[in-house]
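Asker: Coordinates in entry-v7.cif, mmCIF, C-alpha atoms and all ligand atoms, are listed below.
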```cif
data_final
#
loop_
_atom_site.label_atom_id
_atom_site.label_comp_id
_atom_site.auth_asym_id
_atom_site.auth_seq_id
_atom_site.Cartn_x
_atom_site.Cartn_y
_atom_site.Cartn_z
CA MET A 1 -18.45 -10.52 6.23
CA ALA A 2 -14.73 -10.03 6.54
CA THR A 3 -13.62 -8.15 9.59
CA LEU A 4 -11.71 -4.93 9.14
CA LEU A 5 -8.43 -6.61 10.19
CA GLU A 6 -8.98 -9.34 7.60
CA THR A 7 -9.63 -6.74 4.92
CA LEU A 8 -6.45 -4.85 5.86
CA HIS A 9 -4.50 -8.12 5.78
CA ASP A 10 -5.86 -8.94 2.31
CA ASP A 11 -4.86 -5.43 1.18
CA HIS A 12 -1.32 -6.16 2.38
CA LYS A 13 -1.17 -9.30 0.25
CA ASN A 14 -2.11 -7.23 -2.79
CA TYR A 15 0.44 -4.53 -1.93
CA ALA A 16 3.13 -7.21 -1.64
CA VAL A 17 2.38 -8.24 -5.23
CA LEU A 18 2.61 -4.61 -6.39
CA LEU A 19 5.92 -4.17 -4.54
CA ASP A 20 7.33 -7.22 -6.31
CA LEU A 21 6.30 -5.79 -9.69
CA LEU A 22 7.81 -2.42 -8.78
CA SER A 23 10.98 -4.15 -7.65
CA THR A 24 11.29 -5.92 -11.01
CA GLU A 25 11.16 -2.55 -12.79
CA ALA A 26 13.66 -1.04 -10.32
CA ASP A 27 16.04 -3.94 -11.05
CA LYS A 28 15.83 -3.18 -14.79
CA LEU A 29 16.58 0.48 -14.12
CA GLU A 30 19.55 -0.44 -11.94
CA LYS A 31 20.98 -2.64 -14.70
CA GLY A 32 20.64 0.20 -17.21
CA ASP A 33 17.70 -1.44 -19.02
CA GLU A 34 14.53 0.45 -19.91
CA PRO A 35 11.89 -0.21 -17.26
CA ASP A 36 8.14 -0.12 -17.89
CA PHE A 37 7.63 3.46 -16.72
CA VAL A 38 3.86 3.26 -17.29
CA ARG A 39 3.61 0.27 -14.98
CA MET A 40 5.71 2.09 -12.37
CA TYR A 41 3.47 5.14 -12.69
CA ASP A 42 0.30 3.07 -12.37
CA ILE A 43 1.59 1.34 -9.21
CA ALA A 44 2.65 4.61 -7.58
CA ASN A 45 -0.59 6.29 -8.66
CA TYR A 46 -2.67 3.50 -7.16
CA MET A 47 -0.68 3.53 -3.91
CA VAL A 48 -1.08 7.29 -3.39
CA SER A 49 -4.74 7.18 -4.43
CA TYR A 50 -6.33 4.22 -2.68
CA PRO A 51 -4.13 2.99 0.21
CA ASP A 52 -3.13 6.50 1.26
CA THR A 53 -6.77 7.62 1.26
CA PHE A 54 -8.48 4.57 2.77
CA HIS A 55 -6.22 1.74 3.98
CA HIS A 56 -3.91 3.87 6.11
CA PRO A 57 -6.63 6.11 7.61
CA HIS A 58 -8.65 2.99 8.53
CA GLU A 59 -5.59 1.60 10.31
CA GLU A 60 -5.15 4.89 12.14
CA LEU A 61 -8.68 4.61 13.56
CA ILE A 62 -7.69 1.24 15.03
CA PHE A 63 -4.31 2.54 16.26
CA ASP A 64 -5.96 5.47 18.06
CA VAL A 65 -8.24 3.16 20.02
CA LEU A 66 -5.43 0.69 20.72
CA ARG A 67 -3.15 3.44 22.04
CA ALA A 68 -5.90 4.68 24.37
CA LEU A 69 -6.47 1.17 25.74
CA ASP A 70 -2.81 0.16 25.87
CA PRO A 71 -0.41 3.11 26.23
CA ASP A 72 2.54 0.70 25.85
CA CYS A 73 1.69 0.68 22.13
CA SER A 74 2.13 4.47 21.82
CA ALA A 75 5.69 4.42 20.45
CA GLN A 76 4.84 1.85 17.78
CA VAL A 77 1.66 3.67 16.82
CA LEU A 78 3.57 6.93 16.47
CA GLU A 79 6.15 5.20 14.28
CA LEU A 80 3.47 3.65 12.06
CA ASN A 81 1.57 6.93 11.73
CA ASN A 82 4.80 8.72 10.77
CA GLU A 83 5.49 6.03 8.21
CA HIS A 84 2.05 6.62 6.66
CA LYS A 85 3.14 10.22 6.03
CA GLN A 86 6.55 9.12 4.70
CA LEU A 87 4.90 6.56 2.40
CA ALA A 88 2.56 9.23 1.02
CA ASP A 89 5.47 11.64 0.42
CA THR A 90 7.73 9.01 -1.17
CA GLY A 91 4.86 7.61 -3.25
CA LEU A 92 4.06 11.07 -4.62
CA ALA A 93 7.73 11.80 -5.33
CA LEU A 94 8.03 8.49 -7.18
CA ARG A 95 4.84 9.05 -9.17
CA ASP A 96 5.89 12.58 -10.17
CA ALA A 97 9.42 11.54 -11.15
CA VAL A 98 8.15 8.63 -13.26
CA ASN A 99 5.54 10.91 -14.84
CA GLY A 100 8.38 13.27 -15.77
CA ALA A 101 10.30 10.43 -17.42
CA ILE A 102 7.19 9.38 -19.38
CA ASN A 103 6.77 12.96 -20.59
CA ASP A 104 10.42 13.33 -21.64
CA ALA A 105 11.41 15.69 -18.84
CA ILE A 106 15.03 15.50 -17.72
CA ILE A 107 14.71 13.31 -14.65
CA PRO A 108 17.82 11.65 -13.18
CA MET A 109 17.27 7.89 -13.27
CA ASP A 110 18.95 7.63 -9.84
CA MET A 111 16.14 9.73 -8.42
CA ILE A 112 13.50 7.32 -9.68
CA LEU A 113 15.51 4.32 -8.51
CA ASP A 114 16.13 5.79 -5.05
CA ASN A 115 12.45 6.65 -4.59
CA ALA A 116 11.32 3.24 -5.78
CA ARG A 117 13.74 1.40 -3.47
CA ALA A 118 12.87 3.66 -0.53
CA TYR A 119 9.17 3.07 -1.08
CA ILE A 120 9.53 -0.70 -1.39
CA ASN A 121 11.75 -1.01 1.71
CA LEU A 122 9.58 1.25 3.85
CA LEU A 123 6.29 -0.41 2.94
CA TRP A 124 7.70 -3.89 3.61
CA LYS A 125 9.07 -2.83 7.00
CA HIS A 126 5.80 -1.10 7.77
CA MET A 127 3.53 -4.02 6.83
CA ASN A 128 5.73 -6.41 8.79
CA MET A 129 5.32 -4.33 11.95
CA GLU A 130 1.57 -4.16 11.43
CA GLU A 131 1.18 -7.86 10.73
CA GLY A 132 3.73 -9.02 13.28
CA SER A 133 2.90 -6.77 16.18
CA ILE A 134 0.15 -4.19 16.06
CA PHE A 135 -2.61 -6.17 14.35
CA PRO A 136 -2.27 -9.07 16.84
CA LYS A 137 -2.32 -6.57 19.72
CA ALA A 138 -5.42 -4.88 18.32
CA LYS A 139 -7.10 -8.25 17.86
CA SER A 140 -6.49 -9.24 21.48
CA THR A 141 -7.20 -5.82 23.00
CA LEU A 142 -10.22 -4.30 21.23
CA GLU A 143 -13.70 -5.52 22.10
CA ASP A 144 -16.78 -5.74 19.87
CA THR A 145 -18.00 -2.28 20.89
CA GLU A 146 -14.70 -0.71 19.80
CA TRP A 147 -14.72 -2.57 16.47
CA GLN A 148 -18.31 -1.47 15.92
CA MET A 149 -17.41 2.15 16.61
CA ILE A 150 -14.47 1.95 14.17
CA ASN A 151 -16.60 0.25 11.51
CA ASP A 152 -19.17 3.01 11.84
CA ASN A 153 -16.45 5.53 10.99
CA ILE A 154 -14.83 3.93 7.98
CA SER A 155 -15.59 4.83 4.38
CA GLN A 156 -16.90 1.93 2.33
CA VAL A 157 -15.18 2.58 -0.97
CA GLU A 158 -14.55 0.04 -3.67
CA ASP A 159 -10.90 -0.71 -4.37
CA PRO A 160 -10.35 0.56 -7.96
CA LEU A 161 -7.77 -2.15 -8.75
CA PHE A 162 -8.66 -5.20 -6.66
CA GLY A 163 -12.37 -4.55 -6.10
CA ASP A 164 -15.37 -5.87 -8.01
CA VAL A 165 -14.64 -3.73 -11.04
CA VAL A 166 -11.17 -2.80 -12.28
CA GLN A 167 -11.34 0.89 -13.12
CA THR A 168 -10.28 1.76 -16.66
CA GLN A 169 -7.21 3.69 -15.54
CA TYR A 170 -5.86 0.53 -13.84
CA ALA A 171 -6.84 -1.99 -16.55
CA LYS A 172 -3.32 -2.18 -18.00
CA LEU A 173 -1.76 -2.59 -14.57
CA TYR A 174 -4.24 -5.33 -13.70
CA GLU A 175 -3.37 -7.15 -16.93
CA GLY A 176 0.33 -6.89 -16.00
CA ILE A 177 -0.40 -8.31 -12.55
CA ILE A 178 -2.27 -11.30 -13.99
CA GLN A 179 0.52 -12.00 -16.50
CA ASN A 180 3.39 -11.71 -14.04
CA THR A 181 2.05 -12.98 -10.75
CA ASP A 182 1.01 -16.19 -9.13
CA THR A 183 -2.60 -15.08 -8.76
CA SER A 184 -3.12 -17.34 -5.75
CA LEU A 185 -1.07 -14.71 -3.90
CA LEU A 186 -3.66 -12.09 -4.69
CA PHE A 187 -6.75 -11.31 -2.78
CA ASN A 188 -9.44 -9.86 -4.98
CA ASN A 189 -12.98 -10.32 -6.09
CA HIS A 190 -12.19 -11.58 -9.58
CA ARG A 191 -11.19 -15.13 -8.71
FE FE B 1 -0.11 1.14 7.74
FE FE B 2 -1.26 -1.53 6.35
#
```
What is this structure when it is put down as structure tokens?
Answerer:
Amino acid sequence: MATLLETLHDDHKNYAVLLDLLSTEADKLEKGDEPDFVRMYDIANYMVSYPDTFHHPHEELIFDVLRALDPDCSAQVLELNNEHKQLADTGLALRDAVNGAINDAIIPMDMILDNARAYINLLWKHMNMEEGSIFPKAKSTLEDTEWQMINDNISQVEDPLFGDVVQTQYAKLYEGIIQNTDTSLLFNNHR
């Protein structure tokens, strides 16, 4: 069975693929071309629904234990926890703005572009700090008893996009991922 850190790492690989797709749509918008607003909506909707509800809270359980064992990590943990809030806020703002554009509301395209770029940049920076610094520290600091305690407190919920079954609301997004991505970059249960 994959350890929690391995699962979080695999999630990051999938998020990187989504960020690349989002970036492609942001590039179109920047050039004045029509982006695929539905794809942008689906990406933002997934990010605020699954990662913000499960991936980030699971990380925070690890961070809390790490900070208690190694107070030198406190500043980084605080930064990462703040970024989880910022990611949730920016993801919601992006989803709502794109939803407005889909429904013919008057939404400045700059607002969508700024939110998309901010989200992409922040999540990349954030994942790099986790992968490059905090995950290795957690791996070397936490013992089996701590991992067991964390595992006992996490919610086992199937990923609606990359899990065993792609939920209907994400079917179109999943199709777009398969058509536009080197699927060896993905971690999912469909390979
Ligand atoms: Fe995180
Ligand atoms: Fe993460």
Asker: Separation of CA of Tyr174 (chain A) and CA of Leu5 (chain A), in Å?
Answerer: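 Distance reported for this atom pair: 24.3 Å.
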Asker: Write out as a PDB file with C-alpha atoms, keeping the file's coordinate frame each polymer residue whose atoms come within 10 Å of His12 (chain A), counting all atoms listed in the file; drop sequence neighbours fewer than 3 positions from it.
Answerer:
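Output below, filename out_22.pdb:
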```
ATOM      1  CA  GLU A   6      -8.980  -9.340   7.600  1.00  0.00           C
ATOM      2  CA  THR A   7      -9.630  -6.740   4.920  1.00  0.00           C
ATOM      3  CA  LEU A   8      -6.450  -4.850   5.860  1.00  0.00           C
ATOM      4  CA  HIS A   9      -4.500  -8.120   5.780  1.00  0.00           C
ATOM      5  CA  TYR A  15       0.440  -4.530  -1.930  1.00  0.00           C
ATOM      6  CA  ALA A  16       3.130  -7.210  -1.640  1.00  0.00           C
ATOM      7  CA  VAL A  17       2.380  -8.240  -5.230  1.00  0.00           C
ATOM      8  CA  LEU A  18       2.610  -4.610  -6.390  1.00  0.00           C
ATOM      9  CA  PRO A  51      -4.130   2.990   0.210  1.00  0.00           C
ATOM     10  CA  HIS A  55      -6.220   1.740   3.980  1.00  0.00           C
ATOM     11  CA  LEU A 123       6.290  -0.410   2.940  1.00  0.00           C
ATOM     12  CA  TRP A 124       7.700  -3.890   3.610  1.00  0.00           C
ATOM     13  CA  MET A 127       3.530  -4.020   6.830  1.00  0.00           C
ATOM     14  CA  ASN A 128       5.730  -6.410   8.790  1.00  0.00           C
ATOM     15  CA  GLU A 130       1.570  -4.160  11.430  1.00  0.00           C
ATOM     16  CA  GLU A 131       1.180  -7.860  10.730  1.00  0.00           C
ATOM     17  CA  LEU A 186      -3.660 -12.090  -4.690  1.00  0.00           C
ATOM     18  CA  PHE A 187      -6.750 -11.310  -2.780  1.00  0.00           C
TER      19      PHE A 187
END
```
Asker: Choose the residue, out of A:Leu29, A:Ile120, A:Ile43, A:Leu94, that has the smallest atom-to-atom separation from Lys172 (chain A); count all atoms listed in the file.
Answerer: A:Ile43
Asker: Please report, as a Markdown table, each residue of chain A lying at most 12 Å from ligand FE 1 (chain B), together with the nearest pair of atoms and the separation in Å rounded to one decimal; use all atoms listed in the file, and order rows by chain and ascending residue number.
Answerer:
```
| residue | atom | partner | partner_atom | distance |
| --- | --- | --- | --- | --- |
| A:Leu5 | CA | B:FE1 | FE | 11.6 |
| A:Leu8 | CA | B:FE1 | FE | 8.9 |
| A:His9 | CA | B:FE1 | FE | 10.4 |
| A:Asp11 | CA | B:FE1 | FE | 10.4 |
| A:His12 | CA | B:FE1 | FE | 9.1 |
| A:Tyr15 | CA | B:FE1 | FE | 11.2 |
| A:Met47 | CA | B:FE1 | FE | 11.9 |
| A:Pro51 | CA | B:FE1 | FE | 8.7 |
| A:Asp52 | CA | B:FE1 | FE | 8.9 |
| A:Thr53 | CA | B:FE1 | FE | 11.3 |
| A:Phe54 | CA | B:FE1 | FE | 10.3 |
| A:His55 | CA | B:FE1 | FE | 7.2 |
| A:His56 | CA | B:FE1 | FE | 5.0 |
| A:Pro57 | CA | B:FE1 | FE | 8.2 |
| A:His58 | CA | B:FE1 | FE | 8.8 |
| A:Glu59 | CA | B:FE1 | FE | 6.1 |
| A:Glu60 | CA | B:FE1 | FE | 7.7 |
| A:Leu61 | CA | B:FE1 | FE | 10.9 |
| A:Ile62 | CA | B:FE1 | FE | 10.5 |
| A:Phe63 | CA | B:FE1 | FE | 9.6 |
| A:Gln76 | CA | B:FE1 | FE | 11.2 |
| A:Val77 | CA | B:FE1 | FE | 9.6 |
| A:Leu78 | CA | B:FE1 | FE | 11.1 |
| A:Glu79 | CA | B:FE1 | FE | 9.9 |
| A:Leu80 | CA | B:FE1 | FE | 6.1 |
| A:Asn81 | CA | B:FE1 | FE | 7.2 |
| A:Asn82 | CA | B:FE1 | FE | 9.5 |
| A:Glu83 | CA | B:FE1 | FE | 7.4 |
| A:His84 | CA | B:FE1 | FE | 6.0 |
| A:Lys85 | CA | B:FE1 | FE | 9.8 |
| A:Gln86 | CA | B:FE1 | FE | 10.8 |
| A:Leu87 | CA | B:FE1 | FE | 9.1 |
| A:Ala88 | CA | B:FE1 | FE | 10.9 |
| A:Leu122 | CA | B:FE1 | FE | 10.4 |
| A:Leu123 | CA | B:FE1 | FE | 8.1 |
| A:Trp124 | CA | B:FE1 | FE | 10.2 |
| A:Lys125 | CA | B:FE1 | FE | 10.0 |
| A:His126 | CA | B:FE1 | FE | 6.3 |
| A:Met127 | CA | B:FE1 | FE | 6.4 |
| A:Asn128 | CA | B:FE1 | FE | 9.6 |
| A:Met129 | CA | B:FE1 | FE | 8.8 |
| A:Glu130 | CA | B:FE1 | FE | 6.7 |
| A:Glu131 | CA | B:FE1 | FE | 9.6 |
| A:Ser133 | CA | B:FE1 | FE | 12.0 |
| A:Ile134 | CA | B:FE1 | FE | 9.9 |
| A:Phe135 | CA | B:FE1 | FE | 10.2 |
```
Asker: Could you dump the residues just selected with C-alpha atoms as a PDB file, in the frame of the given file?
Answerer:
```
ATOM      1  CA  LEU A   5      -8.430  -6.610  10.190  1.00  0.00           C
ATOM      2  CA  LEU A   8      -6.450  -4.850   5.860  1.00  0.00           C
ATOM      3  CA  HIS A   9      -4.500  -8.120   5.780  1.00  0.00           C
ATOM      4  CA  ASP A  11      -4.860  -5.430   1.180  1.00  0.00           C
ATOM      5  CA  HIS A  12      -1.320  -6.160   2.380  1.00  0.00           C
ATOM      6  CA  TYR A  15       0.440  -4.530  -1.930  1.00  0.00           C
ATOM      7  CA  MET A  47      -0.680   3.530  -3.910  1.00  0.00           C
ATOM      8  CA  PRO A  51      -4.130   2.990   0.210  1.00  0.00           C
ATOM      9  CA  ASP A  52      -3.130   6.500   1.260  1.00  0.00           C
ATOM     10  CA  THR A  53      -6.770   7.620   1.260  1.00  0.00           C
ATOM     11  CA  PHE A  54      -8.480   4.570   2.770  1.00  0.00           C
ATOM     12  CA  HIS A  55      -6.220   1.740   3.980  1.00  0.00           C
ATOM     13  CA  HIS A  56      -3.910   3.870   6.110  1.00  0.00           C
ATOM     14  CA  PRO A  57      -6.630   6.110   7.610  1.00  0.00           C
ATOM     15  CA  HIS A  58      -8.650   2.990   8.530  1.00  0.00           C
ATOM     16  CA  GLU A  59      -5.590   1.600  10.310  1.00  0.00           C
ATOM     17  CA  GLU A  60      -5.150   4.890  12.140  1.00  0.00           C
ATOM     18  CA  LEU A  61      -8.680   4.610  13.560  1.00  0.00           C
ATOM     19  CA  ILE A  62      -7.690   1.240  15.030  1.00  0.00           C
ATOM     20  CA  PHE A  63      -4.310   2.540  16.260  1.00  0.00           C
ATOM     21  CA  GLN A  76       4.840   1.850  17.780  1.00  0.00           C
ATOM     22  CA  VAL A  77       1.660   3.670  16.820  1.00  0.00           C
ATOM     23  CA  LEU A  78       3.570   6.930  16.470  1.00  0.00           C
ATOM     24  CA  GLU A  79       6.150   5.200  14.280  1.00  0.00           C
ATOM     25  CA  LEU A  80       3.470   3.650  12.060  1.00  0.00           C
ATOM     26  CA  ASN A  81       1.570   6.930  11.730  1.00  0.00           C
ATOM     27  CA  ASN A  82       4.800   8.720  10.770  1.00  0.00           C
ATOM     28  CA  GLU A  83       5.490   6.030   8.210  1.00  0.00           C
ATOM     29  CA  HIS A  84       2.050   6.620   6.660  1.00  0.00           C
ATOM     30  CA  LYS A  85       3.140  10.220   6.030  1.00  0.00           C
ATOM     31  CA  GLN A  86       6.550   9.120   4.700  1.00  0.00           C
ATOM     32  CA  LEU A  87       4.900   6.560   2.400  1.00  0.00           C
ATOM     33  CA  ALA A  88       2.560   9.230   1.020  1.00  0.00           C
ATOM     34  CA  LEU A 122       9.580   1.250   3.850  1.00  0.00           C
ATOM     35  CA  LEU A 123       6.290  -0.410   2.940  1.00  0.00           C
ATOM     36  CA  TRP A 124       7.700  -3.890   3.610  1.00  0.00           C
ATOM     37  CA  LYS A 125       9.070  -2.830   7.000  1.00  0.00           C
ATOM     38  CA  HIS A 126       5.800  -1.100   7.770  1.00  0.00           C
ATOM     39  CA  MET A 127       3.530  -4.020   6.830  1.00  0.00           C
ATOM     40  CA  ASN A 128       5.730  -6.410   8.790  1.00  0.00           C
ATOM     41  CA  MET A 129       5.320  -4.330  11.950  1.00  0.00           C
ATOM     42  CA  GLU A 130       1.570  -4.160  11.430  1.00  0.00           C
ATOM     43  CA  GLU A 131       1.180  -7.860  10.730  1.00  0.00           C
ATOM     44  CA  SER A 133       2.900  -6.770  16.180  1.00  0.00           C
ATOM     45  CA  ILE A 134       0.150  -4.190  16.060  1.00  0.00           C
ATOM     46  CA  PHE A 135      -2.610  -6.170  14.350  1.00  0.00           C
TER      47      PHE A 135
END
```
Asker: Env of region 104-112 of chain A: 10 Å cut, atoms = all atoms listed in the file, seq-sep filter 6 positions within chain, self excluded. Answer as a list in words.
Answerer: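 Here the answer would be Ala26, Leu29, Glu30, Gly32, Phe37, Met40, Ala93, Leu94, Arg95, Asp96, Ala97, Val98 and Ala118 of chain A.
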Asker: In Å, with one decimal, what is the gap from CA of Asp10 (chain A) to CA of Gln179 (chain A)?
Answerer: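 Result for CA of Asp10 (chain A) versus CA of Gln179 (chain A): 20.1 Å, one decimal.
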Asker: In Å, how far is it from CA of Leu66 (chain A) to CA of Lys137 (chain A)?
Answerer: 8.0 Å
Asker: Rank A:Val165, A:Ala116, A:Cys73, A:Leu142 by their smallest atom-to-atom distance to Asp20 (chain A), using all atoms listed in the file, and report the top residue only.
Answerer: A:Ala116
Asker: Name the closest residue to Ser184 (chain A) among the candidates A:Asp164, A:Tyr46, A:Ser155, A:Asn14; distances are taken between atoms, counting only C-alpha atoms.
Answerer: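 The shortest atom-to-atom distance to Ser184 (chain A) comes from A:Asn14.
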Asker: With distances taken over all atoms listed in the file, which of A:Asp70, A:Ala44, A:Gly132, A:Glu146 is nearest to ligand FE 2 (chain B)?
Answerer: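 Closest candidate: A:Gly132.
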Asker: Which residue, A:Ile102, A:Leu69, A:Leu161, A:Gln156, has the smallest gap to Asp36 (chain A) when you use all atoms listed in the file?
Answerer: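 Smallest distance to Asp36 (chain A) is found for A:Ile102.
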Asker: With all atoms listed in the file as the basis for distance, which of A:Ala68, A:Ala138, A:Ala171, A:Leu113 is at the shortest distance from Leu22 (chain A)?
Answerer: A:Leu113
